[in-house]
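> Pasting input20.cif below, which is mmCIF, C-alpha atoms.
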data_run
loop_
_atom_site.label_atom_id
_atom_site.label_comp_id
_atom_site.auth_asym_id
_atom_site.auth_seq_id
_atom_site.Cartn_x
_atom_site.Cartn_y
_atom_site.Cartn_z
CA MET A 1 107.49 20.27 55.56
CA ASN A 2 108.45 16.91 54.12
CA GLN A 3 109.06 13.94 56.37
CA SER A 4 110.47 11.45 53.88
CA MET A 5 114.02 10.78 52.78
CA HIS A 6 114.16 8.31 49.92
CA ILE A 7 117.74 7.20 49.40
CA ARG A 8 117.59 4.18 47.11
CA ILE A 9 114.97 1.75 45.96
CA GLN A 10 115.02 -1.82 47.10
CA SER A 11 114.24 -3.68 43.92
CA ALA A 12 113.86 -3.10 40.23
CA SER A 13 110.15 -3.79 40.18
CA PRO A 14 107.26 -2.61 42.37
CA PRO A 15 106.13 -5.09 45.02
CA LEU A 16 102.75 -6.71 45.34
CA LEU A 17 101.47 -8.99 47.99
CA PHE A 18 99.46 -10.93 45.42
CA PRO A 19 100.21 -13.05 42.36
CA ARG A 20 100.71 -11.54 38.95
CA ALA A 21 97.59 -11.25 36.85
CA SER A 22 97.52 -12.17 33.20
CA SER A 23 97.60 -9.14 30.95
CA SER A 24 94.30 -10.01 29.34
CA SER A 25 92.40 -10.34 32.61
CA TYR A 26 94.06 -7.18 33.88
CA ARG A 27 92.93 -5.13 30.90
CA SER A 28 89.42 -6.51 31.13
CA CYS A 29 88.86 -5.18 34.63
CA PRO A 30 86.99 -1.88 34.54
CA CYS A 31 88.83 -0.31 37.46
CA TYR A 32 92.26 -1.83 36.83
CA VAL A 33 92.35 -4.10 39.82
CA VAL A 34 94.81 -6.94 39.93
CA PRO A 35 93.00 -10.29 39.82
CA MET A 36 94.28 -12.84 42.29
CA GLU A 37 95.06 -16.06 40.46
CA ALA A 38 96.37 -18.90 42.57
CA SER A 39 98.16 -20.38 39.57
CA CYS A 40 100.42 -17.35 39.24
CA ASN A 41 103.71 -16.73 40.98
CA ALA A 42 103.16 -15.23 44.40
CA GLY A 43 104.46 -11.90 45.54
CA ILE A 44 105.48 -10.49 42.16
CA MET A 45 104.24 -7.41 40.43
CA SER A 46 105.69 -6.40 37.12
CA THR A 47 106.11 -2.75 36.29
CA SER A 48 103.83 -3.14 33.28
CA LEU A 49 101.04 -4.28 35.57
CA VAL A 50 100.71 -0.95 37.30
CA SER A 51 102.00 1.27 34.53
CA ARG A 52 99.56 -0.08 31.97
CA CYS A 53 99.71 1.19 28.40
CA SER A 54 100.33 4.69 29.70
CA LEU A 55 104.07 4.13 29.97
CA GLY A 56 104.49 3.48 26.30
CA GLY A 57 103.13 6.69 24.86
CA LYS A 58 104.82 9.98 24.20
CA ARG A 59 103.79 12.99 26.23
CA THR A 60 103.80 16.69 25.69
CA HIS A 61 105.91 18.76 28.09
CA TYR A 62 104.88 21.32 30.71
CA VAL A 63 104.02 24.24 30.94
CA HIS A 64 100.96 23.62 28.77
CA SER A 65 98.37 26.09 27.71
CA GLY A 66 94.92 24.76 28.36
CA GLN A 67 94.23 25.20 24.65
CA GLN A 68 97.04 22.93 23.50
CA ILE A 69 96.20 19.60 21.97
CA ARG A 70 97.00 16.80 24.40
CA LYS A 71 98.44 13.81 22.64
CA CYS A 72 98.15 11.48 25.59
CA SER A 73 94.44 10.80 25.11
CA SER A 74 94.94 8.70 22.02
CA GLN A 75 98.38 7.35 22.86
CA MET A 76 98.00 6.59 26.55
CA GLY A 77 94.49 5.36 27.06
CA ALA A 78 91.15 6.98 27.76
CA LEU A 79 89.53 7.93 31.03
CA VAL A 80 88.40 4.90 32.99
CA THR A 81 84.67 5.12 33.56
CA SER A 82 82.50 3.07 35.86
CA ARG A 83 80.41 0.56 34.00
CA GLU A 84 77.03 1.56 35.30
CA SER A 85 75.34 -1.69 34.42
CA GLU A 86 77.99 -3.63 36.32
CA VAL A 87 77.94 -1.33 39.33
CA ALA A 88 74.15 -1.34 39.46
CA ALA A 89 74.08 -5.13 39.53
CA THR A 90 75.08 -6.07 43.06
CA PRO A 91 77.70 -8.83 43.00
CA ALA A 92 76.75 -12.14 44.56
CA ILE A 93 77.92 -11.93 48.15
CA GLY A 94 76.24 -14.92 49.77
CA ASP A 95 77.83 -15.79 53.08
CA ASP A 96 81.01 -13.86 52.34
CA LYS A 97 82.17 -11.19 54.74
CA ILE A 98 83.61 -8.39 52.65
CA GLY A 99 86.31 -6.07 53.90
CA VAL A 100 88.04 -3.06 52.38
CA LEU A 101 91.49 -2.10 53.63
CA LEU A 102 92.43 1.54 53.05
CA LEU A 103 96.19 2.09 53.10
CA ASN A 104 97.81 5.40 53.93
CA LEU A 105 101.03 6.90 55.26
CA GLY A 106 99.96 7.84 58.76
CA GLY A 107 101.09 10.82 60.79
CA PRO A 108 101.87 11.88 64.35
CA GLU A 109 98.77 12.89 66.25
CA THR A 110 100.64 14.79 68.97
CA LEU A 111 104.03 16.49 69.17
CA ASP A 112 105.28 13.64 71.33
CA ASP A 113 104.52 11.27 68.46
CA VAL A 114 106.77 13.10 65.98
CA GLN A 115 110.11 11.48 66.78
CA PRO A 116 108.84 7.87 66.96
CA PHE A 117 106.84 8.46 63.77
CA LEU A 118 109.99 9.65 62.01
CA PHE A 119 111.86 6.61 63.33
CA ASN A 120 109.26 4.28 61.80
CA LEU A 121 109.52 6.19 58.52
CA PHE A 122 113.29 6.07 58.22
CA ALA A 123 113.50 2.48 59.48
CA ASP A 124 111.63 1.41 56.33
CA PRO A 125 114.13 -0.02 53.82
CA ASP A 126 111.91 1.31 51.03
CA ILE A 127 112.75 4.82 52.28
CA ILE A 128 116.43 4.38 53.15
CA ARG A 129 118.15 1.37 51.69
CA LEU A 130 121.55 0.38 52.92
CA PRO A 131 123.96 -2.04 51.25
CA ARG A 132 123.57 -5.59 52.49
CA LEU A 133 126.68 -5.43 54.65
CA PHE A 134 125.38 -2.36 56.47
CA ARG A 135 121.73 -3.28 56.95
CA PHE A 136 122.35 -3.85 60.64
CA LEU A 137 122.66 -0.06 60.82
CA GLN A 138 119.11 0.53 59.55
CA LYS A 139 117.53 1.13 62.95
CA PRO A 140 120.46 3.02 64.51
CA LEU A 141 120.52 5.31 61.47
CA ALA A 142 116.76 5.78 61.65
CA GLN A 143 117.08 6.67 65.32
CA PHE A 144 119.79 9.24 64.57
CA ILE A 145 117.89 10.89 61.70
CA SER A 146 114.61 10.96 63.58
CA VAL A 147 116.21 12.64 66.60
CA VAL A 148 117.96 15.22 64.42
CA ARG A 149 114.88 16.06 62.37
CA ALA A 150 112.30 15.94 65.15
CA PRO A 151 112.70 19.54 66.43
CA LYS A 152 112.07 21.13 63.04
CA SER A 153 109.29 18.69 62.27
CA LYS A 154 107.64 19.52 65.58
CA GLU A 155 107.63 23.19 64.59
CA GLY A 156 105.73 22.31 61.45
CA TYR A 157 103.18 20.17 63.24
CA ALA A 158 102.77 22.80 65.95
CA SER A 159 101.88 25.33 63.26
CA ILE A 160 98.97 23.17 62.05
CA GLY A 161 97.49 22.45 65.45
CA GLY A 162 99.94 20.13 67.17
CA GLY A 163 99.58 17.01 65.05
CA SER A 164 98.56 15.53 61.74
CA PRO A 165 94.83 15.36 60.91
CA LEU A 166 95.47 12.41 58.59
CA ARG A 167 94.06 9.71 60.85
CA GLN A 168 90.87 11.66 61.59
CA ILE A 169 90.31 12.38 57.90
CA THR A 170 91.08 8.81 56.81
CA ASP A 171 88.72 7.43 59.46
CA ALA A 172 86.01 9.74 58.12
CA GLN A 173 86.70 8.57 54.56
CA ALA A 174 86.43 4.96 55.71
CA ALA A 175 83.09 5.65 57.39
CA GLU A 176 81.70 7.41 54.32
CA LEU A 177 82.94 4.64 52.05
CA ALA A 178 81.20 2.04 54.22
CA LYS A 179 77.97 4.05 54.00
CA ALA A 180 78.29 4.31 50.22
CA LEU A 181 78.86 0.56 49.90
CA HIS A 182 75.90 -0.25 52.15
CA ALA A 183 73.74 2.05 50.01
CA LYS A 184 74.73 -0.11 47.04
CA ASP A 185 73.77 -3.30 48.93
CA VAL A 186 77.37 -4.27 49.65
CA PRO A 187 77.64 -4.57 53.46
CA ALA A 188 81.39 -4.25 53.65
CA LYS A 189 83.50 -3.32 56.64
CA VAL A 190 86.15 -0.71 55.92
CA TYR A 191 89.48 -0.74 57.75
CA VAL A 192 92.33 1.77 57.91
CA GLY A 193 95.95 0.62 57.89
CA MET A 194 98.70 3.22 58.24
CA ARG A 195 102.28 2.49 57.27
CA TYR A 196 104.15 4.50 59.90
CA TRP A 197 101.73 5.31 62.72
CA HIS A 198 98.54 4.13 64.39
CA PRO A 199 96.43 2.40 63.38
CA PHE A 200 99.27 0.41 61.88
CA THR A 201 98.59 -1.96 58.99
CA GLU A 202 99.33 -4.84 61.34
CA GLU A 203 96.57 -3.64 63.67
CA ALA A 204 94.08 -3.47 60.81
CA ILE A 205 95.00 -6.97 59.68
CA GLU A 206 94.43 -8.36 63.18
CA GLN A 207 90.96 -6.78 63.24
CA ILE A 208 90.22 -8.19 59.79
CA LYS A 209 91.06 -11.65 61.11
CA LYS A 210 88.94 -11.16 64.24
CA ASP A 211 86.00 -10.13 62.06
CA LYS A 212 86.54 -13.28 59.95
CA ILE A 213 86.57 -11.39 56.65
CA THR A 214 86.50 -13.78 53.71
CA LYS A 215 86.94 -11.33 50.81
CA LEU A 216 89.27 -8.36 51.05
CA VAL A 217 89.79 -5.44 48.66
CA VAL A 218 93.03 -3.55 49.30
CA LEU A 219 92.74 0.10 48.30
CA PRO A 220 95.76 2.39 48.75
CA LEU A 221 94.65 6.00 49.15
CA TYR A 222 97.30 7.14 46.70
CA PRO A 223 95.72 7.91 43.30
CA GLN A 224 99.00 7.23 41.49
CA PHE A 225 101.22 4.23 42.18
CA SER A 226 104.76 4.66 43.47
CA ILE A 227 107.08 2.06 44.88
CA SER A 228 107.73 4.44 47.80
CA THR A 229 104.08 4.81 48.85
CA SER A 230 101.66 2.11 47.71
CA GLY A 231 104.62 -0.15 47.01
CA SER A 232 105.97 0.04 50.54
CA SER A 233 102.55 -0.70 52.06
CA LEU A 234 101.97 -3.61 49.70
CA ARG A 235 105.39 -5.03 50.44
CA LEU A 236 104.52 -5.00 54.14
CA LEU A 237 101.21 -6.71 53.44
CA GLU A 238 102.97 -9.33 51.38
CA SER A 239 105.18 -10.22 54.32
CA LEU A 240 102.17 -10.39 56.65
CA PHE A 241 100.23 -12.64 54.27
CA ARG A 242 103.13 -15.04 53.81
CA GLU A 243 103.37 -15.64 57.54
CA ASP A 244 99.69 -16.27 58.27
CA ASP A 245 97.60 -19.29 57.27
CA TYR A 246 94.32 -17.38 57.54
CA LEU A 247 95.52 -14.58 55.30
CA VAL A 248 97.07 -16.93 52.78
CA ASN A 249 93.71 -18.58 52.23
CA MET A 250 91.61 -15.41 52.31
CA GLN A 251 90.37 -14.18 48.95
CA HIS A 252 91.73 -10.75 48.13
CA THR A 253 92.65 -8.30 45.44
CA VAL A 254 94.34 -4.90 45.21
CA ILE A 255 93.56 -1.75 43.27
CA PRO A 256 97.11 -0.46 42.71
CA SER A 257 96.13 2.98 41.38
CA TRP A 258 92.95 4.72 40.31
CA TYR A 259 93.93 8.14 38.96
CA GLN A 260 92.15 7.46 35.66
CA ARG A 261 88.74 6.91 37.18
CA GLU A 262 85.98 9.20 35.96
CA GLY A 263 84.63 10.00 39.43
CA TYR A 264 88.03 10.99 40.75
CA ILE A 265 88.75 13.18 37.71
CA LYS A 266 85.37 14.89 37.94
CA ALA A 267 85.74 15.46 41.67
CA MET A 268 89.13 17.12 41.16
CA ALA A 269 87.75 19.25 38.33
CA ASP A 270 84.82 20.30 40.51
CA LEU A 271 87.14 21.54 43.25
CA ILE A 272 89.37 23.40 40.79
CA GLU A 273 86.42 25.05 39.08
CA LYS A 274 85.01 26.17 42.42
CA GLU A 275 88.29 27.70 43.60
CA LEU A 276 88.87 29.48 40.28
CA GLN A 277 85.63 31.39 40.78
CA LYS A 278 87.10 33.02 43.89
CA PHE A 279 89.56 34.99 41.75
CA ASP A 280 88.60 38.34 40.21
CA ASN A 281 89.71 37.11 36.77
CA PRO A 282 89.45 33.30 36.82
CA GLU A 283 90.58 32.88 33.23
CA GLN A 284 93.95 34.51 34.01
CA VAL A 285 94.83 32.13 36.84
CA MET A 286 97.69 29.68 36.36
CA ILE A 287 96.63 26.24 37.62
CA PHE A 288 99.61 24.89 39.52
CA PHE A 289 99.59 21.13 40.16
CA SER A 290 102.02 20.22 42.95
CA ALA A 291 102.77 16.53 43.44
CA HIS A 292 104.88 14.80 46.04
CA GLY A 293 108.28 14.12 44.53
CA VAL A 294 110.34 10.95 44.42
CA PRO A 295 114.04 10.50 43.66
CA LEU A 296 114.73 10.46 39.93
CA ALA A 297 116.38 7.05 40.25
CA TYR A 298 113.04 5.54 41.20
CA VAL A 299 111.71 6.36 37.74
CA GLU A 300 114.80 6.02 35.57
CA GLU A 301 116.41 3.00 37.22
CA ALA A 302 113.56 1.16 38.93
CA GLY A 303 110.80 1.76 36.40
CA ASP A 304 108.47 3.45 38.90
CA PRO A 305 105.33 4.44 36.91
CA TYR A 306 104.65 7.39 39.24
CA LYS A 307 105.78 10.18 36.90
CA ALA A 308 103.90 8.82 33.89
CA GLU A 309 100.75 8.27 35.93
CA MET A 310 100.99 11.73 37.46
CA GLU A 311 101.35 13.43 34.09
CA GLU A 312 98.48 11.47 32.61
CA CYS A 313 96.35 12.32 35.64
CA VAL A 314 96.96 16.04 35.17
CA ASP A 315 96.13 15.77 31.46
CA LEU A 316 92.85 14.00 32.21
CA ILE A 317 91.83 16.66 34.71
CA MET A 318 92.64 19.43 32.26
CA GLU A 319 90.65 17.66 29.54
CA GLU A 320 87.68 17.52 31.89
CA LEU A 321 88.08 21.25 32.58
CA GLU A 322 88.29 21.95 28.84
CA ASN A 323 84.97 20.17 28.42
CA ARG A 324 83.63 22.79 30.82
CA LYS A 325 85.16 25.61 28.72
CA ILE A 326 87.94 26.21 31.24
CA THR A 327 91.16 26.61 29.27
CA ASN A 328 93.59 28.08 31.80
CA ALA A 329 97.32 27.62 31.45
CA TYR A 330 98.70 25.03 33.84
CA THR A 331 101.86 23.36 34.98
CA LEU A 332 103.04 20.44 37.11
CA ALA A 333 105.90 20.46 39.60
CA TYR A 334 107.15 18.20 42.39
CA GLN A 335 107.48 19.17 46.04
CA SER A 336 109.01 17.83 49.26
CA ARG A 337 112.45 16.86 48.03
CA VAL A 338 115.07 16.22 50.68
CA GLY A 339 118.66 15.05 50.73
CA PRO A 340 121.47 15.36 48.18
CA VAL A 341 120.08 13.10 45.43
CA GLU A 342 118.25 14.42 42.38
CA TRP A 343 114.45 14.24 42.52
CA LEU A 344 111.79 14.54 39.86
CA LYS A 345 111.81 17.96 38.24
CA PRO A 346 110.67 20.65 37.95
CA TYR A 347 110.74 21.41 41.67
CA THR A 348 107.77 23.25 43.13
CA ASP A 349 109.79 26.01 44.80
CA ASP A 350 111.91 26.68 41.71
CA THR A 351 108.83 26.73 39.49
CA ILE A 352 107.02 29.22 41.72
CA ILE A 353 109.99 31.60 41.48
CA GLU A 354 110.15 31.18 37.69
CA LEU A 355 106.44 31.85 37.27
CA GLY A 356 106.79 35.04 39.29
CA GLN A 357 109.69 36.12 37.10
CA LYS A 358 107.58 35.45 33.99
CA GLY A 359 104.87 37.78 35.22
CA VAL A 360 102.28 35.33 36.50
CA LYS A 361 100.11 37.22 39.00
CA SER A 362 97.48 34.67 40.01
CA LEU A 363 98.24 31.10 41.02
CA LEU A 364 95.92 28.28 42.11
CA ALA A 365 97.80 25.45 43.83
CA VAL A 366 96.38 21.94 43.38
CA PRO A 367 97.79 19.19 45.65
CA ILE A 368 97.43 16.46 43.09
CA SER A 369 98.93 13.44 44.90
CA PHE A 370 97.04 13.89 48.17
CA VAL A 371 93.42 13.03 48.99
CA SER A 372 93.65 14.21 52.62
CA GLU A 373 94.93 17.34 54.30
CA HIS A 374 98.19 16.84 56.18
CA ILE A 375 101.55 18.48 56.83
CA GLU A 376 102.47 18.81 53.15
CA THR A 377 99.27 20.66 52.27
CA LEU A 378 98.61 22.61 55.46
CA GLU A 379 102.19 23.71 56.15
CA GLU A 380 104.36 23.18 53.09
CA ILE A 381 101.88 24.47 50.52
CA ASP A 382 99.70 26.80 52.58
CA VAL A 383 102.56 28.45 54.46
CA GLU A 384 105.94 27.91 52.81
CA TYR A 385 104.94 27.98 49.15
CA LYS A 386 102.38 30.73 49.59
CA GLU A 387 105.00 32.91 51.25
CA LEU A 388 107.46 32.12 48.46
CA ALA A 389 104.87 32.95 45.80
CA LEU A 390 104.08 36.34 47.30
CA LYS A 391 107.79 37.15 47.59
CA SER A 392 108.25 36.14 43.94
CA GLY A 393 105.74 38.65 42.61
CA ILE A 394 102.62 36.52 42.51
CA GLN A 395 99.87 38.74 43.89
CA LYS A 396 96.93 36.39 44.30
CA TRP A 397 97.19 32.88 45.68
CA GLY A 398 94.62 30.16 46.08
CA ARG A 399 94.70 26.50 46.97
CA VAL A 400 92.35 23.67 46.08
CA PRO A 401 91.46 21.59 49.16
CA ALA A 402 92.20 17.88 49.28
CA LEU A 403 89.28 15.66 48.32
CA GLY A 404 88.58 14.40 51.82
CA CYS A 405 85.00 13.08 51.91
CA GLU A 406 83.79 14.83 48.75
CA PRO A 407 80.69 12.80 47.72
CA THR A 408 81.63 12.25 44.06
CA PHE A 409 85.02 10.95 45.14
CA ILE A 410 83.63 8.61 47.82
CA THR A 411 80.99 7.26 45.43
CA ASP A 412 83.66 6.52 42.85
CA LEU A 413 85.77 4.65 45.41
CA ALA A 414 82.70 2.59 46.28
CA ASN A 415 82.18 1.78 42.61
CA ALA A 416 85.85 0.78 42.30
CA VAL A 417 85.47 -1.63 45.21
CA ILE A 418 82.31 -3.17 43.76
CA GLU A 419 83.89 -3.53 40.33
CA SER A 420 86.84 -5.34 41.88
CA LEU A 421 84.82 -7.98 43.71
CA PRO A 422 84.49 -10.39 40.77
CA TYR A 423 88.30 -10.48 40.61
CA VAL A 424 89.07 -11.53 44.15
CA GLY A 425 90.69 -14.89 44.64
CA ALA A 426 92.97 -16.80 46.96
CA MET A 427 96.63 -17.49 46.46
CA ALA A 428 96.74 -20.33 48.92
CA VAL A 429 98.43 -22.83 46.58
CA SER A 430 101.23 -20.58 45.41
CA ASN A 431 101.91 -19.13 48.84
CA LEU A 432 101.81 -22.43 50.66
CA GLU A 433 104.16 -23.90 48.09
CA ALA A 434 106.50 -20.97 48.55
CA ARG A 435 106.47 -21.41 52.30
CA GLN A 436 107.03 -25.18 52.04
CA VAL A 437 110.01 -24.64 49.73
CA SER A 438 111.50 -22.11 52.11
#
Take the structure I supplied and represent it as structure tokens, if you would.


Amino acid sequence: MNQSMHIRIQSASPPLLFPRASSSSYRSCPCYVVPMEASCNAGIMSTSLVSRCSLGGKRTHYVHSGQQIRKCSSQMGALVTSRESEVAATPAIGDDKIGVLLLNLGGPETLDDVQPFLFNLFADPDIIRLPRLFRFLQKPLAQFISVVRAPKSKEGYASIGGGSPLRQITDAQAAELAKALHAKDVPAKVYVGMRYWHPFTEEAIEQIKKDKITKLVVLPLYPQFSISTSGSSLRLLESLFREDDYLVNMQHTVIPSWYQREGYIKAMADLIEKELQKFDNPEQVMIFFSAHGVPLAYVEEAGDPYKAEMEECVDLIMEELENRKITNAYTLAYQSRVGPVEWLKPYTDDTIIELGQKGVKSLLAVPISFVSEHIETLEEIDVEYKELALKSGIQKWGRVPALGCEPTFITDLANAVIESLPYVGAMAVSNLEARQVS
């Protein structure tokens, strides 16, 4: 049950609330954070910054056998590992008050929240973009779509308990991340900012200001970067920072994506390995990675690195499984498409039908772009796609849970935050200049 309707992208390059980092300093950072350099142009993020070297290499096509040679390892960069010596050495904190802002989509907590949540979603110009002359229709159109879609969406949320568990899970992740950071002698406060429902990003920012945070690490809870997810949240943050003197002068950095990190890859492999053992013949199970889709134009016209990052992420997980002597066949498809435009292919529903026609009998679904359970895992995958799979001739179905608060995953996020601290900086000069010019 998808809630998004991406019509067109807003700009040809992904947004960032912070200045552009130099390529050399960007490559030197162990967790691929974006250093904040006040001398750089504010508010610009080039596609190459988030896509890294991975966009330049050739890739093999899906479906892969687990025994095939993966070319991406040499052409697209190796797994990003935590530098243990750097993580072990606690960064100098002094009098700084460190904050971590976790960004996520948000979701309705009750059935009454569904329609206003959908309104917020469709009122975002990163989701539906209208020509300049018709932008005054943005909110009326969002109101119309949200009212039309609300009844069906309510049915989906009712089937999973009457609301999205996303806030509860994200709050738990924030609490566990704070504990992990404190255990590493980094007494950071962790905040949650949702894009389309409470606690809104604006609410989190107000609390950050009240707590007088002096160093902020922005961490989107999307492993792979897309202009429609992390990009939209960062664009909102950029607008908030430009309007606030405190925020302009606060030191900050952002980790745009982290799908290559060793802890994340190992945590995903652990979950897959565990679920495979529940099948009678684990080696015969097709591993089915299902990622949230985006319109094809995002990738082909706007240079969104999402597809390349997703494919590399899957390859890295399968390489980790191969190291454990798990060589199952696997494939990647994209779910949750909506509207008349073409989305990334292959589509999840079409692929499930094709696999059934090819004689696949056991399928393990892996929600690869989600780190929390929500409507697209609990209803779309667990109900709709499972039913489709069984109708298509697939006899045994399994699903890997979202990472949630899995300890290896949380520890790796803590390491990513610590590794990013030496790269925080203010953009006061560039932003103030931009505001004075305007």

> Just to confirm, what's the straight-line distance from CA of Lys212 in chain A to CA of Gly107 in chain A in Å (one decimal)?

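Rounded to one decimal, the two atoms are 28.2 Å apart.
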
> Given the file shown, enumerate the residues that the PyMOL selection byres ((chain A and resi 344) around 7) captures and present them as a tab-separated table (two decimals) with C-alpha atoms, in the coordinates of the input.


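Saved as expr-v5.tsv:
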chain	number	residue	atom	x	y	z
A	293	GLY	CA	108.28	14.12	44.53
A	294	VAL	CA	110.34	10.95	44.42
A	295	PRO	CA	114.04	10.50	43.66
A	296	LEU	CA	114.73	10.46	39.93
A	334	TYR	CA	107.15	18.20	42.39
A	342	GLU	CA	118.25	14.42	42.38
A	343	TRP	CA	114.45	14.24	42.52
A	345	LYS	CA	111.81	17.96	38.24
A	346	PRO	CA	110.67	20.65	37.95

> With 12 Å as the threshold, what does the neighbourhood of (106.0, 37.0, 46.7) contain in terms of residues, counting only C-alpha atoms? Coordinates are those of the file; answer as a PyMOL selection string.

chain A and resi 349+352-357+359-363+384-397

> Given only C-alpha atoms, how would the per-residue table for range 292-345 of chain A near range 365-374 of chain A read, listing every residue at most 9 Å away with its closest atom pair and distance in Å to one decimal, sorted by chain and number, as CSV?


residue,atom,partner,partner_atom,distance
A:His292,CA,A:Ser369,CA,6.2
A:Met310,CA,A:Ser369,CA,7.9
A:Cys313,CA,A:Ile368,CA,8.6
A:Val314,CA,A:Ile368,CA,7.9

> Nearest to Gly156 in chain A among A:Glu376, A:Glu301, A:Glu419, A:Glu206, with distances taken over all atoms listed in the file: which residue is it?

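Using all atoms listed in the file, Gly156 in chain A sits closest to A:Glu376.
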
> Of the candidates A:Val218, A:Ala204, A:Leu276, A:Cys405, which one gets nearest to Asn328 in chain A if we count only C-alpha atoms?

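That would be A:Leu276, the residue with the smallest distance to Asn328 in chain A.
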
> The PyMOL selection byres ((chain A and resi 186-191) around 9) on the file shown: which residues, as an mmCIF file with C-alpha atoms, in the coordinates of the input?


data_model
loop_
_atom_site.group_PDB
_atom_site.id
_atom_site.type_symbol
_atom_site.label_atom_id
_atom_site.label_comp_id
_atom_site.auth_asym_id
_atom_site.auth_seq_id
_atom_site.Cartn_x
_atom_site.Cartn_y
_atom_site.Cartn_z
ATOM 1 C CA THR A 90 75.080 -6.070 43.060
ATOM 2 C CA PRO A 91 77.700 -8.830 43.000
ATOM 3 C CA ILE A 93 77.920 -11.930 48.150
ATOM 4 C CA LYS A 97 82.170 -11.190 54.740
ATOM 5 C CA ILE A 98 83.610 -8.390 52.650
ATOM 6 C CA GLY A 99 86.310 -6.070 53.900
ATOM 7 C CA VAL A 100 88.040 -3.060 52.380
ATOM 8 C CA LEU A 101 91.490 -2.100 53.630
ATOM 9 C CA LEU A 102 92.430 1.540 53.050
ATOM 10 C CA LEU A 103 96.190 2.090 53.100
ATOM 11 C CA ASP A 171 88.720 7.430 59.460
ATOM 12 C CA ALA A 174 86.430 4.960 55.710
ATOM 13 C CA ALA A 175 83.090 5.650 57.390
ATOM 14 C CA LEU A 177 82.940 4.640 52.050
ATOM 15 C CA ALA A 178 81.200 2.040 54.220
ATOM 16 C CA LYS A 179 77.970 4.050 54.000
ATOM 17 C CA ALA A 180 78.290 4.310 50.220
ATOM 18 C CA LEU A 181 78.860 0.560 49.900
ATOM 19 C CA HIS A 182 75.900 -0.250 52.150
ATOM 20 C CA ALA A 183 73.740 2.050 50.010
ATOM 21 C CA LYS A 184 74.730 -0.110 47.040
ATOM 22 C CA ASP A 185 73.770 -3.300 48.930
ATOM 23 C CA VAL A 192 92.330 1.770 57.910
ATOM 24 C CA GLY A 193 95.950 0.620 57.890
ATOM 25 C CA ALA A 204 94.080 -3.470 60.810
ATOM 26 C CA ILE A 205 95.000 -6.970 59.680
ATOM 27 C CA GLN A 207 90.960 -6.780 63.240
ATOM 28 C CA ILE A 208 90.220 -8.190 59.790
ATOM 29 C CA ILE A 213 86.570 -11.390 56.650
ATOM 30 C CA ILE A 418 82.310 -3.170 43.760
#

> Taking the file above as input, evaluate the PyMOL selection byres ((chain A and resi 147) around 12) and report the hits as an MDAnalysis selection string.

chainID A and resid 112:120 122 140:146 148:154
